[in-house]
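Report on the structure given below.
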Amino acid sequence: MVPMLLWMFFIFVAFISKLLLAITMCYLIFPSERTCDECDAETLSVRMGMGGRMLQKLLMGKLQRRWCPRCGWEGLTRTSDADVVPSNSVIAHHLSS
C-alpha cells in the first residue's frame, strides 16, 4: 500500500502539478485590461468560435475575445467580476426609473 501511495505522489509532483502550473501561467499571460494593447483605446467584446467558447467554459467565463475598432487589434483578455457589463434589460430598467 505504501509503495502505491509513493508512486501516486511522485506522479502528481512530476506531471500533474507541472501541468497545472503551466495552465495557470498561460492564463496569466493574457492582458487583464479592457483597453487595446496597441493604441490604448477601448475595446469591444467579440463572440468566440466553438473552440473559444469551450475554453471559456473551462476557465469559468474568465476569458474574453476583444477587438479594437481604432487600430484593428484582436486578442484574448482575462476578465474579472468587475468587468461584467449588465445586460440591456437591466440598463433599460435602471434608466426608466
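Each chain in the C-alpha cells gets a letter, A, B and so on, in the order shown; residues start at 1 in every chain, and ligands are counted from 1 in the order they appear.
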
Quick check for you: according to DSSP on this backbone, which residues of region 25-83 of chain A are classed as strand (DSSP E or B)? Reply as a list of chain:residue names. A:Thr35, A:Glu42, A:Leu44, A:Ser45, A:Val46, A:Leu63, A:Gln64, A:Arg65, A:Arg66, A:Trp67, A:Glu74, A:Gly75, A:Leu76, A:Thr77, A:Arg78

Selection export as an mmCIF file, in the first residue's frame, atoms kept: C-alpha atoms:
```cif
data_model
loop_
_atom_site.group_PDB
_atom_site.id
_atom_site.type_symbol
_atom_site.label_atom_id
_atom_site.label_comp_id
_atom_site.auth_asym_id
_atom_site.auth_seq_id
_atom_site.Cartn_x
_atom_site.Cartn_y
_atom_site.Cartn_z
ATOM 1 C CA THR A 35 -8.129 48.698 -23.391
ATOM 2 C CA GLU A 42 -11.497 50.987 -25.509
ATOM 3 C CA LEU A 44 -15.281 45.718 -27.814
ATOM 4 C CA SER A 45 -16.204 42.166 -26.887
ATOM 5 C CA VAL A 46 -16.390 39.773 -29.851
ATOM 6 C CA LEU A 63 -11.559 34.676 -20.816
ATOM 7 C CA GLN A 64 -12.897 37.053 -23.440
ATOM 8 C CA ARG A 65 -12.095 37.813 -27.077
ATOM 9 C CA ARG A 66 -11.846 41.559 -27.710
ATOM 10 C CA TRP A 67 -11.418 43.799 -30.774
ATOM 11 C CA GLU A 74 -7.894 41.483 -31.785
ATOM 12 C CA GLY A 75 -6.975 39.130 -28.981
ATOM 13 C CA LEU A 76 -7.876 37.305 -25.801
ATOM 14 C CA THR A 77 -8.095 39.050 -22.447
ATOM 15 C CA ARG A 78 -8.757 37.994 -18.882
#
```

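If only C-alpha atoms are the atoms counted, then among A:Arg47, A:Cys26, A:Cys71, A:Ala41 the closest residue to Leu59 (chain A) is A:Cys26.
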
Could you pull out the helix (DSSP H, G or I) residues of region 1-91 of chain A, going by DSSP on the backbone, and write them as number ranges by chain? A: 2-29, 50-58, 81-83, 88-91
